[in-house]
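Asker: To start, I am sharing the structure in question, which I have written as structure tokens.
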Amino acid sequence: VPGVRETVQATLDLMRGLGLAALLTDDSARRSRLLRQWATTLDRTLAATE
């Protein structure tokens, strides 16, 4: 399905970046908001494959 592979890859890249950011600073509130938004995006993309 077009876009699914890219979305999964973006998720992995995002997790790596957030993991590194967590080591450098404590900005957990901002990261939580970002993850909630990304989860919504990911749900919509994957729902389109059903």
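Within each chain, counting starts at residue 1; across the structure tokens, chains are named A, B, ... in the order shown, with ligands numbered 1 upward in that order.
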DSSP on the backbone, then: every residue of chain A marked helix (DSSP H, G or I), written as number ranges by chain.
Answerer: A: 4-24, 28-47
Asker: Next, the residues of the selection above should be written as a short mmCIF file (atom, residue, chain, number, x, y, z; two decimals), in the first residue's frame with C-alpha atoms.
Answerer:
data_model
loop_
_atom_site.label_atom_id
_atom_site.label_comp_id
_atom_site.auth_asym_id
_atom_site.auth_seq_id
_atom_site.Cartn_x
_atom_site.Cartn_y
_atom_site.Cartn_z
CA VAL A 4 2.82 2.57 4.55
CA ARG A 5 6.49 1.62 4.25
CA GLU A 6 7.49 5.27 4.44
CA THR A 7 5.26 5.86 7.45
CA VAL A 8 6.73 2.90 9.30
CA GLN A 9 10.27 4.08 8.45
CA ALA A 10 9.43 7.59 9.64
CA THR A 11 8.16 6.08 12.90
CA LEU A 12 11.45 4.27 13.45
CA ASP A 13 13.43 7.42 12.67
CA LEU A 14 11.22 9.44 15.02
CA MET A 15 11.74 6.95 17.85
CA ARG A 16 15.51 7.03 17.39
CA GLY A 17 15.51 10.83 17.43
CA LEU A 18 13.29 11.01 20.50
CA GLY A 19 15.48 8.47 22.26
CA LEU A 20 18.53 10.64 21.64
CA ALA A 21 16.67 13.79 22.65
CA ALA A 22 15.64 12.14 25.93
CA LEU A 23 19.30 11.58 26.74
CA LEU A 24 20.14 15.23 26.11
CA SER A 28 9.00 14.91 28.20
CA ALA A 29 5.84 17.05 27.99
CA ARG A 30 6.66 18.20 24.45
CA ARG A 31 7.66 14.69 23.40
CA SER A 32 4.40 13.28 24.79
CA ARG A 33 2.37 15.73 22.71
CA LEU A 34 4.42 14.90 19.64
CA LEU A 35 3.94 11.16 20.15
CA ARG A 36 0.18 11.51 20.60
CA GLN A 37 -0.04 13.44 17.33
CA TRP A 38 2.16 10.94 15.50
CA ALA A 39 0.06 8.04 16.84
CA THR A 40 -3.01 9.67 15.30
CA THR A 41 -1.21 10.05 11.97
CA LEU A 42 0.02 6.46 12.10
CA ASP A 43 -3.47 5.14 12.95
CA ARG A 44 -4.98 6.98 9.99
CA THR A 45 -2.33 5.73 7.58
CA LEU A 46 -2.61 2.11 8.70
CA ALA A 47 -6.43 2.23 8.76
#
